[in-house]
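**Student:** I'd like to ask you about the structure that follows.
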Amino acid sequence: MEAFDALMGGFAIALQPTTLLWGFVGCFIGTLVGVLPGIGPALTIALLLPLTYHVPATSMFVMFAGIYYGAAYGGSTTSILLNTPGESAAVVTALEGNKMARNGRAGQALATAAIGSFVAGTIGTLALTFFAPLVVDAALAFGPAEYFSLMVLSLVAVSAVLGNSMLRGLVALGLGLLLGMVGIDLQTGQPRFTFGRPELLDGIEVTVAAVGLFAVGEALYLAWQGRETKTGEVMKLSGSLWMSKQDWARSWKAWLRGAFFGFPIGAMPAGGAELPTLLSYYTEKKLSKHPEEFGHGAIEGVAGPEAANNAAAAGVLMPLLTLGIPTSATAAIMLSAFEGYGIQTGPQLLSQQGGLVWTLIASLYIGNVILLILNLPLVSLWVKLLKIPPPWLYAGIIVISTAGVYGAGNSVFNVGLLFVFGLLGYLMRRFDFPAAPLIVGLILAPMAEQSMRQALTISQGEWSTFFTRPLSGSLMAVAALLLIVPPLWKQWRHLQAR
Amino acid sequence: MTPVRLALLLLGVCGVAAWQLTVIPPSLMQMTVGPVLAPAAIVAALTVVALLYGLSAWRGRQVDLSQEAGQEALPGSTTRMLSLLGGGVAFIALVIPLGFVLPGTLCGMCIARAFDAPFNGKSLLICGLIAGVFWFVFARLLGVGLGPALPWLF
């Protein structure tokens, strides 16, 4: 009941015209970046971080939430009409969605994706509303040792589970942690890894790293390939946007199942949105009364994964808002935005900044409605955006990236660093290293070090504190299992195959 | 570049990081954990995973997506990359003396060139418009400090 009252307070603020306007702007930008290739929510939020000095925290986070949800909605449009997912979680949608579009049912595919996103996004937000206070209550028992172990678990999970190779994930994580150590040590005031450059004393800006890796890195890779000079084939928006009675009957259960896959997996460290969308797709394929349609444009194959994707987006906010632990690149950058406002994250966030958190959650409900309204009637506008020729699209993305980084501190050094990170992003893209562990490592490294030092100070230098305290020890054990079990499993399957 | 060379590059980074560890000044405060421990642990761990990556690459088990069918670079890849990076260098060199819009335009033109758009009046016009609009939205409407649009204006 307490959560409900707090949520109503959040609605009172979120429904104020100014906050609503920021939410609308966020949803619009989010859908735009979800639709456009080469630009995602993490990059967009990173670019908008310089605004944190000029806009009140509530408005800014409502806009960020709109961008985050909007990108999850917008990704489906490119999957369905262009067979090019705007973001990784929309890959599965392309399997059936593009086939539906080729069969002249693009309208119905877009409709089931949008309505499913609305339904699942709302279910996910409801779960966030009622489970977040419970997680906070549990987390208040955490000491520095438990926090350190939780961060280790998150870092290991993001690196070992995401991506195609644990080894490459761990290399990316190591680089991120190393970059997170750059700058003045907050406890002793000693400079580390600064090469004597005063510009590095404050550490490496998350904006510079994220924008360099995601925007400049992607542009460099595509320019190097030289295959992106023409826009792809955009399917015509044929057929009505209205779903038939049969379409509704085949979609609604898939939406609900997708939501129940998406939220819990999204809330886990490294759960992400890719796994639940895949699980949802295969479940729908298994349960469908028309399995022969899969691979040729089955509506359940769009409805389920799209719902799972949006519910996962709500799930990812759970560890961020309750524990201060980011489990994706976007969440990591949002965490950095909290730091930009001087807001301490973790379980205290809900008690100390309750107004902000509940307004943010209320804005998610409102954002779902805005996105449903935005997505379907404006679909022809989104289709037009897909026809922007790549030279102007990437010129725009890199100029806005450069402007964002330069504007954050009027530092040409940071612009240079942006292009260095771009080169790193190009190499990571080419050699298939995941970017999320690097970003999460960069942000969590100083926090993890701080918790480790506090825990060791309390335990008078006893390292066993991380393993003998029950909760901390359990978290460490799970982290160790995540590192050990997948390679053993792979080896076992390899032996079985022989 | 190959995965083996990338592994060597990574090991080079580890070497530089290890050298930087040695120049961290000792803490003047008595503490349980000093400023070197965490960075040293990270450098050690990164060295181990870089070595494992190198070993795996040497055995041919690491991927280079550019070797996959349909992913390889078309002729002129170095020129295109240099064009894109040149845009960044131009921006860095010119933004302080010339304000935001002219270097932004030149940067945009170089990037468009990297995607095979000719370096002509149309490119100048479109990139000028992009830089001008972004300057107006960021600097004027949102108050982000991008400096003057042009050196003789604002």
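Going by the structure tokens order, chains are called A, B, ..., each with residues numbered from 1, while ligands are numbered from 1 in the order shown.
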Please list as a PyMOL selection string every residue within 12 Å of Leu37 (chain B), counting only C-alpha atoms and excluding residues in the same chain fewer than 3 positions away.
**Tutor:** (chain A and resi 181+185+192+449-450+452-453) or (chain B and resi 21-22+24+26-27+31-34+40-44)
**Student:** Just to be explicit: take each residue in the selection above, keep N, CA and C atoms, and write the result as an mmCIF file, in the first residue's frame.
**Tutor:**
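Dumped to result27.cif:
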data_model
loop_
_atom_site.group_PDB
_atom_site.id
_atom_site.type_symbol
_atom_site.label_atom_id
_atom_site.label_comp_id
_atom_site.auth_asym_id
_atom_site.auth_seq_id
_atom_site.Cartn_x
_atom_site.Cartn_y
_atom_site.Cartn_z
ATOM 1 N N MET A 181 40.268 2.879 -13.493
ATOM 2 C CA MET A 181 41.272 3.219 -12.485
ATOM 3 C C MET A 181 42.010 4.523 -12.817
ATOM 4 N N ASP A 185 43.248 8.782 -7.129
ATOM 5 C CA ASP A 185 42.664 7.856 -6.163
ATOM 6 C C ASP A 185 41.975 8.690 -5.085
ATOM 7 N N ARG A 192 46.800 8.003 -10.857
ATOM 8 C CA ARG A 192 47.081 6.652 -11.375
ATOM 9 C C ARG A 192 46.800 6.623 -12.876
ATOM 10 N N GLU A 449 36.269 -0.807 -5.993
ATOM 11 C CA GLU A 449 37.501 -0.616 -5.208
ATOM 12 C C GLU A 449 37.180 0.021 -3.855
ATOM 13 N N GLN A 450 36.280 0.999 -3.906
ATOM 14 C CA GLN A 450 35.867 1.685 -2.673
ATOM 15 C C GLN A 450 35.260 0.693 -1.680
ATOM 16 N N MET A 452 35.638 -2.547 -1.631
ATOM 17 C CA MET A 452 36.657 -3.510 -1.200
ATOM 18 C C MET A 452 37.495 -2.918 -0.054
ATOM 19 N N ARG A 453 37.888 -1.657 -0.228
ATOM 20 C CA ARG A 453 38.722 -1.017 0.811
ATOM 21 C C ARG A 453 37.960 -0.874 2.119
ATOM 22 N N LEU B 21 52.063 1.482 -13.176
ATOM 23 C CA LEU B 21 51.905 1.060 -11.770
ATOM 24 C C LEU B 21 53.124 1.452 -10.942
ATOM 25 N N THR B 22 54.299 1.358 -11.599
ATOM 26 C CA THR B 22 55.539 1.634 -10.854
ATOM 27 C C THR B 22 55.708 3.125 -10.569
ATOM 28 N N ILE B 24 53.149 5.143 -9.658
ATOM 29 C CA ILE B 24 52.137 5.664 -8.720
ATOM 30 C C ILE B 24 52.858 6.032 -7.416
ATOM 31 N N PRO B 26 53.807 6.498 -3.621
ATOM 32 C CA PRO B 26 53.316 5.775 -2.437
ATOM 33 C C PRO B 26 52.425 6.674 -1.586
ATOM 34 N N SER B 27 51.445 6.056 -0.948
ATOM 35 C CA SER B 27 50.512 6.827 -0.127
ATOM 36 C C SER B 27 51.205 7.331 1.136
ATOM 37 N N MET B 31 47.190 2.938 5.471
ATOM 38 C CA MET B 31 45.894 2.347 5.124
ATOM 39 C C MET B 31 46.015 0.835 4.961
ATOM 40 N N THR B 32 44.854 0.170 5.121
ATOM 41 C CA THR B 32 44.835 -1.285 4.938
ATOM 42 C C THR B 32 45.137 -1.628 3.482
ATOM 43 N N VAL B 33 44.501 -0.879 2.567
ATOM 44 C CA VAL B 33 44.715 -1.114 1.137
ATOM 45 C C VAL B 33 45.162 0.195 0.499
ATOM 46 N N GLY B 34 46.323 0.195 -0.089
ATOM 47 C CA GLY B 34 46.854 1.408 -0.702
ATOM 48 C C GLY B 34 46.324 1.625 -2.109
ATOM 49 N N ALA B 40 46.940 -3.017 -9.632
ATOM 50 C CA ALA B 40 47.892 -4.103 -9.911
ATOM 51 C C ALA B 40 47.145 -5.405 -10.183
ATOM 52 N N ALA B 41 46.097 -5.650 -9.387
ATOM 53 C CA ALA B 41 45.308 -6.874 -9.591
ATOM 54 C C ALA B 41 44.652 -6.858 -10.977
ATOM 55 N N ILE B 42 44.164 -5.680 -11.366
ATOM 56 C CA ILE B 42 43.495 -5.575 -12.667
ATOM 57 C C ILE B 42 44.495 -5.796 -13.808
ATOM 58 N N VAL B 43 45.676 -5.177 -13.677
ATOM 59 C CA VAL B 43 46.697 -5.331 -14.732
ATOM 60 C C VAL B 43 47.110 -6.801 -14.829
ATOM 61 N N ALA B 44 47.260 -7.448 -13.667
ATOM 62 C CA ALA B 44 47.655 -8.866 -13.675
ATOM 63 C C ALA B 44 46.578 -9.713 -14.356
#
**Student:** So which residues touch region 110-125 of chain B within 7 Å, counting only C-alpha atoms, skipping near sequence neighbours fewer than 5 positions away, as a PyMOL selection string?
**Tutor:** (chain A and resi 223+226+229+390-392+394-395) or (chain B and resi 80-81+83-84+86-87+105)
**Student:** Based on the selection just made, write N, CA and C atoms of those residues as a PDB file, in the first residue's frame.
**Tutor:**
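The result, written out as result-v9.pdb:
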ATOM      1  N   ALA A 223      32.583   2.307 -42.354  1.00  0.00           N
ATOM      2  CA  ALA A 223      33.347   3.007 -43.394  1.00  0.00           C
ATOM      3  C   ALA A 223      34.462   2.104 -43.913  1.00  0.00           C
ATOM      4  N   GLY A 226      32.927  -0.395 -46.200  1.00  0.00           N
ATOM      5  CA  GLY A 226      32.519   0.228 -47.452  1.00  0.00           C
ATOM      6  C   GLY A 226      31.274  -0.374 -48.057  1.00  0.00           C
ATOM      7  N   THR A 229      27.000   2.145 -48.225  1.00  0.00           N
ATOM      8  CA  THR A 229      26.834   3.386 -48.971  1.00  0.00           C
ATOM      9  C   THR A 229      25.423   3.587 -49.515  1.00  0.00           C
ATOM     10  N   PRO A 390      23.194   6.817 -45.937  1.00  0.00           N
ATOM     11  CA  PRO A 390      24.213   6.630 -44.888  1.00  0.00           C
ATOM     12  C   PRO A 390      25.228   7.769 -44.758  1.00  0.00           C
ATOM     13  N   PRO A 391      25.723   8.401 -45.849  1.00  0.00           N
ATOM     14  CA  PRO A 391      26.716   9.472 -45.623  1.00  0.00           C
ATOM     15  C   PRO A 391      26.180  10.575 -44.719  1.00  0.00           C
ATOM     16  N   TRP A 392      24.928  10.975 -44.913  1.00  0.00           N
ATOM     17  CA  TRP A 392      24.379  12.082 -44.105  1.00  0.00           C
ATOM     18  C   TRP A 392      23.985  11.585 -42.727  1.00  0.00           C
ATOM     19  N   TYR A 394      25.512   9.155 -40.977  1.00  0.00           N
ATOM     20  CA  TYR A 394      26.705   9.015 -40.134  1.00  0.00           C
ATOM     21  C   TYR A 394      27.402  10.355 -39.907  1.00  0.00           C
ATOM     22  N   ALA A 395      27.324  11.264 -40.898  1.00  0.00           N
ATOM     23  CA  ALA A 395      27.864  12.613 -40.670  1.00  0.00           C
ATOM     24  C   ALA A 395      27.118  13.245 -39.491  1.00  0.00           C
TER      25      ALA A 395
ATOM     26  N   ARG B  80      39.032   5.368 -46.646  1.00  0.00           N
ATOM     27  CA  ARG B  80      37.756   5.722 -46.005  1.00  0.00           C
ATOM     28  C   ARG B  80      37.957   5.940 -44.504  1.00  0.00           C
ATOM     29  N   MET B  81      38.736   5.058 -43.872  1.00  0.00           N
ATOM     30  CA  MET B  81      38.971   5.223 -42.432  1.00  0.00           C
ATOM     31  C   MET B  81      39.750   6.507 -42.144  1.00  0.00           C
ATOM     32  N   SER B  83      39.789   9.141 -43.922  1.00  0.00           N
ATOM     33  CA  SER B  83      38.902  10.279 -44.163  1.00  0.00           C
ATOM     34  C   SER B  83      38.068  10.560 -42.910  1.00  0.00           C
ATOM     35  N   LEU B  84      37.546   9.486 -42.306  1.00  0.00           N
ATOM     36  CA  LEU B  84      36.714   9.663 -41.105  1.00  0.00           C
ATOM     37  C   LEU B  84      37.551  10.220 -39.944  1.00  0.00           C
ATOM     38  N   GLY B  86      40.302  11.822 -40.224  1.00  0.00           N
ATOM     39  CA  GLY B  86      40.727  13.172 -40.614  1.00  0.00           C
ATOM     40  C   GLY B  86      39.690  14.210 -40.216  1.00  0.00           C
ATOM     41  N   GLY B  87      38.416  13.829 -40.305  1.00  0.00           N
ATOM     42  CA  GLY B  87      37.342  14.735 -39.864  1.00  0.00           C
ATOM     43  C   GLY B  87      37.509  15.095 -38.402  1.00  0.00           C
ATOM     44  N   THR B 105      31.259  21.403 -39.847  1.00  0.00           N
ATOM     45  CA  THR B 105      30.906  21.163 -41.259  1.00  0.00           C
ATOM     46  C   THR B 105      31.998  20.342 -41.946  1.00  0.00           C
TER      47      THR B 105
END
**Student:** Once you count only C-alpha atoms, which residues of chain A turn out to be within 8 Å of chain B? Could you give them as a ChimeraX atom specification?
**Tutor:** /A:50-51,54,167-168,170-171,174-175,177-178,181,185,187-188,190-193,195,220,223-229,390-392,394-396,398-400,403,406-410,412,415-416,419,430-432,449,453,456-457,460-461
**Student:** Between CA of Thr277 (chain A) and CA of Met318 (chain A), what is the spacing in Å?
**Tutor:**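 Result for CA of Met318 (chain A) versus CA of Thr277 (chain A): 18.5 Å, one decimal.
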**Student:** Rounded to one decimal, what separation in Å do you get between CA of Gly367 (chain A) and CA of Val55 (chain A)?
**Tutor:**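 Interatomic distance here is 19.2 Å.
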**Student:** Which residue out of A:Pro144, A:Pro437, A:Gly473, A:Pro389 has the minimum interatomic distance to Gly169 (chain A) when only C-alpha atoms are used?
**Tutor:** A:Pro437
**Student:** Counting only C-alpha atoms, what is within 12 Å of Met60 (chain A), bar same-chain residues fewer than 4 positions away, as a PDB file with N, CA and C atoms, in the first residue's frame?
**Tutor:**
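Heads up, here's the output in out.pdb:
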ATOM      1  N   ALA A  14       4.857  13.401 -12.352  1.00  0.00           N
ATOM      2  CA  ALA A  14       5.089  13.019 -13.755  1.00  0.00           C
ATOM      3  C   ALA A  14       4.037  13.609 -14.688  1.00  0.00           C
ATOM      4  N   THR A  18       5.442  20.207 -17.590  1.00  0.00           N
ATOM      5  CA  THR A  18       6.868  20.240 -17.959  1.00  0.00           C
ATOM      6  C   THR A  18       7.464  18.832 -17.954  1.00  0.00           C
ATOM      7  N   THR A  19       7.171  18.073 -16.889  1.00  0.00           N
ATOM      8  CA  THR A  19       7.728  16.714 -16.793  1.00  0.00           C
ATOM      9  C   THR A  19       7.186  15.857 -17.932  1.00  0.00           C
ATOM     10  N   LEU A  20       5.893  16.027 -18.199  1.00  0.00           N
ATOM     11  CA  LEU A  20       5.248  15.269 -19.279  1.00  0.00           C
ATOM     12  C   LEU A  20       5.916  15.580 -20.616  1.00  0.00           C
ATOM     13  N   LEU A  21       6.235  16.851 -20.802  1.00  0.00           N
ATOM     14  CA  LEU A  21       6.884  17.265 -22.057  1.00  0.00           C
ATOM     15  C   LEU A  21       8.247  16.579 -22.207  1.00  0.00           C
ATOM     16  N   TRP A  22       9.027  16.533 -21.099  1.00  0.00           N
ATOM     17  CA  TRP A  22      10.334  15.860 -21.153  1.00  0.00           C
ATOM     18  C   TRP A  22      10.149  14.370 -21.460  1.00  0.00           C
ATOM     19  N   GLY A  23       9.097  13.794 -20.865  1.00  0.00           N
ATOM     20  CA  GLY A  23       8.808  12.379 -21.129  1.00  0.00           C
ATOM     21  C   GLY A  23       8.481  12.166 -22.595  1.00  0.00           C
ATOM     22  N   PHE A  24       7.685  13.075 -23.147  1.00  0.00           N
ATOM     23  CA  PHE A  24       7.302  12.974 -24.559  1.00  0.00           C
ATOM     24  C   PHE A  24       8.545  13.104 -25.447  1.00  0.00           C
ATOM     25  N   VAL A  25       9.392  14.094 -25.124  1.00  0.00           N
ATOM     26  CA  VAL A  25      10.629  14.293 -25.910  1.00  0.00           C
ATOM     27  C   VAL A  25      11.491  13.030 -25.837  1.00  0.00           C
ATOM     28  N   GLY A  26      11.594  12.439 -24.630  1.00  0.00           N
ATOM     29  CA  GLY A  26      12.382  11.218 -24.458  1.00  0.00           C
ATOM     30  C   GLY A  26      11.833  10.072 -25.297  1.00  0.00           C
ATOM     31  N   ILE A  45      21.807   8.514 -24.459  1.00  0.00           N
ATOM     32  CA  ILE A  45      21.809   9.023 -23.084  1.00  0.00           C
ATOM     33  C   ILE A  45      23.194   9.585 -22.753  1.00  0.00           C
ATOM     34  N   LEU A  48      23.509  12.971 -24.074  1.00  0.00           N
ATOM     35  CA  LEU A  48      22.688  13.975 -23.392  1.00  0.00           C
ATOM     36  C   LEU A  48      23.175  14.256 -21.967  1.00  0.00           C
ATOM     37  N   LEU A  49      24.200  13.509 -21.512  1.00  0.00           N
ATOM     38  CA  LEU A  49      24.709  13.734 -20.144  1.00  0.00           C
ATOM     39  C   LEU A  49      25.139  15.183 -19.884  1.00  0.00           C
ATOM     40  N   PRO A  50      25.742  15.872 -20.892  1.00  0.00           N
ATOM     41  CA  PRO A  50      26.116  17.269 -20.598  1.00  0.00           C
ATOM     42  C   PRO A  50      24.935  18.135 -20.175  1.00  0.00           C
ATOM     43  N   LEU A  51      23.715  17.712 -20.539  1.00  0.00           N
ATOM     44  CA  LEU A  51      22.542  18.508 -20.171  1.00  0.00           C
ATOM     45  C   LEU A  51      22.248  18.423 -18.680  1.00  0.00           C
ATOM     46  N   THR A  52      22.867  17.424 -18.004  1.00  0.00           N
ATOM     47  CA  THR A  52      22.545  17.242 -16.592  1.00  0.00           C
ATOM     48  C   THR A  52      22.844  18.495 -15.768  1.00  0.00           C
ATOM     49  N   TYR A  53      23.708  19.366 -16.301  1.00  0.00           N
ATOM     50  CA  TYR A  53      24.023  20.587 -15.549  1.00  0.00           C
ATOM     51  C   TYR A  53      22.940  21.651 -15.704  1.00  0.00           C
ATOM     52  N   HIS A  54      22.070  21.458 -16.692  1.00  0.00           N
ATOM     53  CA  HIS A  54      21.118  22.518 -17.022  1.00  0.00           C
ATOM     54  C   HIS A  54      19.657  22.151 -16.745  1.00  0.00           C
ATOM     55  N   VAL A  55      19.362  20.879 -16.602  1.00  0.00           N
ATOM     56  CA  VAL A  55      17.965  20.443 -16.475  1.00  0.00           C
ATOM     57  C   VAL A  55      17.780  19.775 -15.113  1.00  0.00           C
ATOM     58  N   PRO A  56      16.629  20.009 -14.434  1.00  0.00           N
ATOM     59  CA  PRO A  56      16.415  19.352 -13.130  1.00  0.00           C
ATOM     60  C   PRO A  56      16.461  17.828 -13.252  1.00  0.00           C
ATOM     61  N   PHE A  64      15.280  10.278 -19.892  1.00  0.00           N
ATOM     62  CA  PHE A  64      16.127   9.093 -20.117  1.00  0.00           C
ATOM     63  C   PHE A  64      15.267   7.818 -20.155  1.00  0.00           C
ATOM     64  N   ALA A  65      14.291   7.748 -19.230  1.00  0.00           N
ATOM     65  CA  ALA A  65      13.428   6.562 -19.205  1.00  0.00           C
ATOM     66  C   ALA A  65      12.643   6.466 -20.510  1.00  0.00           C
ATOM     67  N   GLY A  66      12.190   7.619 -21.008  1.00  0.00           N
ATOM     68  CA  GLY A  66      11.465   7.643 -22.292  1.00  0.00           C
ATOM     69  C   GLY A  66      12.356   7.160 -23.425  1.00  0.00           C
ATOM     70  N   ILE A  67      13.608   7.590 -23.405  1.00  0.00           N
ATOM     71  CA  ILE A  67      14.552   7.169 -24.453  1.00  0.00           C
ATOM     72  C   ILE A  67      14.763   5.656 -24.377  1.00  0.00           C
ATOM     73  N   MET A 334      23.126   5.482 -17.235  1.00  0.00           N
ATOM     74  CA  MET A 334      22.135   6.138 -16.371  1.00  0.00           C
ATOM     75  C   MET A 334      22.687   6.288 -14.950  1.00  0.00           C
ATOM     76  N   ALA A 337      24.744   9.181 -14.821  1.00  0.00           N
ATOM     77  CA  ALA A 337      23.932  10.407 -14.754  1.00  0.00           C
ATOM     78  C   ALA A 337      23.526  10.697 -13.315  1.00  0.00           C
ATOM     79  N   PHE A 338      23.195   9.639 -12.552  1.00  0.00           N
ATOM     80  CA  PHE A 338      22.869   9.843 -11.131  1.00  0.00           C
ATOM     81  C   PHE A 338      24.064  10.486 -10.429  1.00  0.00           C
ATOM     82  N   GLY A 340      26.321  12.283 -11.787  1.00  0.00           N
ATOM     83  CA  GLY A 340      26.438  13.658 -12.277  1.00  0.00           C
ATOM     84  C   GLY A 340      25.604  14.636 -11.459  1.00  0.00           C
ATOM     85  N   TYR A 341      24.487  14.146 -10.935  1.00  0.00           N
ATOM     86  CA  TYR A 341      23.621  15.000 -10.101  1.00  0.00           C
ATOM     87  C   TYR A 341      24.016  14.926  -8.627  1.00  0.00           C
ATOM     88  N   LEU A 356      12.028  11.237  -6.710  1.00  0.00           N
ATOM     89  CA  LEU A 356      12.615  11.058  -8.040  1.00  0.00           C
ATOM     90  C   LEU A 356      12.331   9.652  -8.581  1.00  0.00           C
ATOM     91  N   THR A 359       8.650   9.108  -9.380  1.00  0.00           N
ATOM     92  CA  THR A 359       8.274   9.869 -10.584  1.00  0.00           C
ATOM     93  C   THR A 359       8.788   9.144 -11.819  1.00  0.00           C
ATOM     94  N   LEU A 360      10.002   8.616 -11.703  1.00  0.00           N
ATOM     95  CA  LEU A 360      10.589   7.868 -12.821  1.00  0.00           C
ATOM     96  C   LEU A 360       9.726   6.654 -13.152  1.00  0.00           C
ATOM     97  N   SER A 363       6.532   7.680 -14.679  1.00  0.00           N
ATOM     98  CA  SER A 363       6.738   8.126 -16.066  1.00  0.00           C
ATOM     99  C   SER A 363       6.870   6.936 -17.020  1.00  0.00           C
TER     100      SER A 363
END
**Student:** Residues near region 212-216 of chain A, anyone? I mean within 6 Å using only C-alpha atoms, not counting same-chain ones fewer than 2 positions away, as a PyMOL selection string.
**Tutor:** chain A and resi 208-210+218-220+418+421-422+425
**Student:** Check the DSSP output for the backbone and give back, as an MDAnalysis selection string, the residues of chain B in alpha helix (DSSP H).
**Tutor:** chainID B and resid 3:22 37:58 77:98 101:114 121:135
**Student:** Could you tell me how far CA of Gln348 (chain A) sits from CA of Thr465 (chain A), in Å to one decimal place?
**Tutor:**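 According to the coordinates, CA of Thr465 (chain A) and CA of Gln348 (chain A) are separated by 23.3 Å.
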**Student:** Which of these residues is nearest to Ala249 (chain A), using only C-alpha atoms: A:Leu140, A:Thr112, A:Thr58, A:Tyr147?
**Tutor:**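 Comparing A:Leu140, A:Thr112, A:Thr58, A:Tyr147 against Ala249 (chain A), the winner is A:Thr112.
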**Student:** Which residues are close to Ala477 (chain A), i.e. within 12 Å by only C-alpha atoms, leaving aside same-chain residues fewer than 3 positions away? Reply as a PyMOL selection string.
**Tutor:** chain A and resi 149-150+152-153+156+466-474+480-485
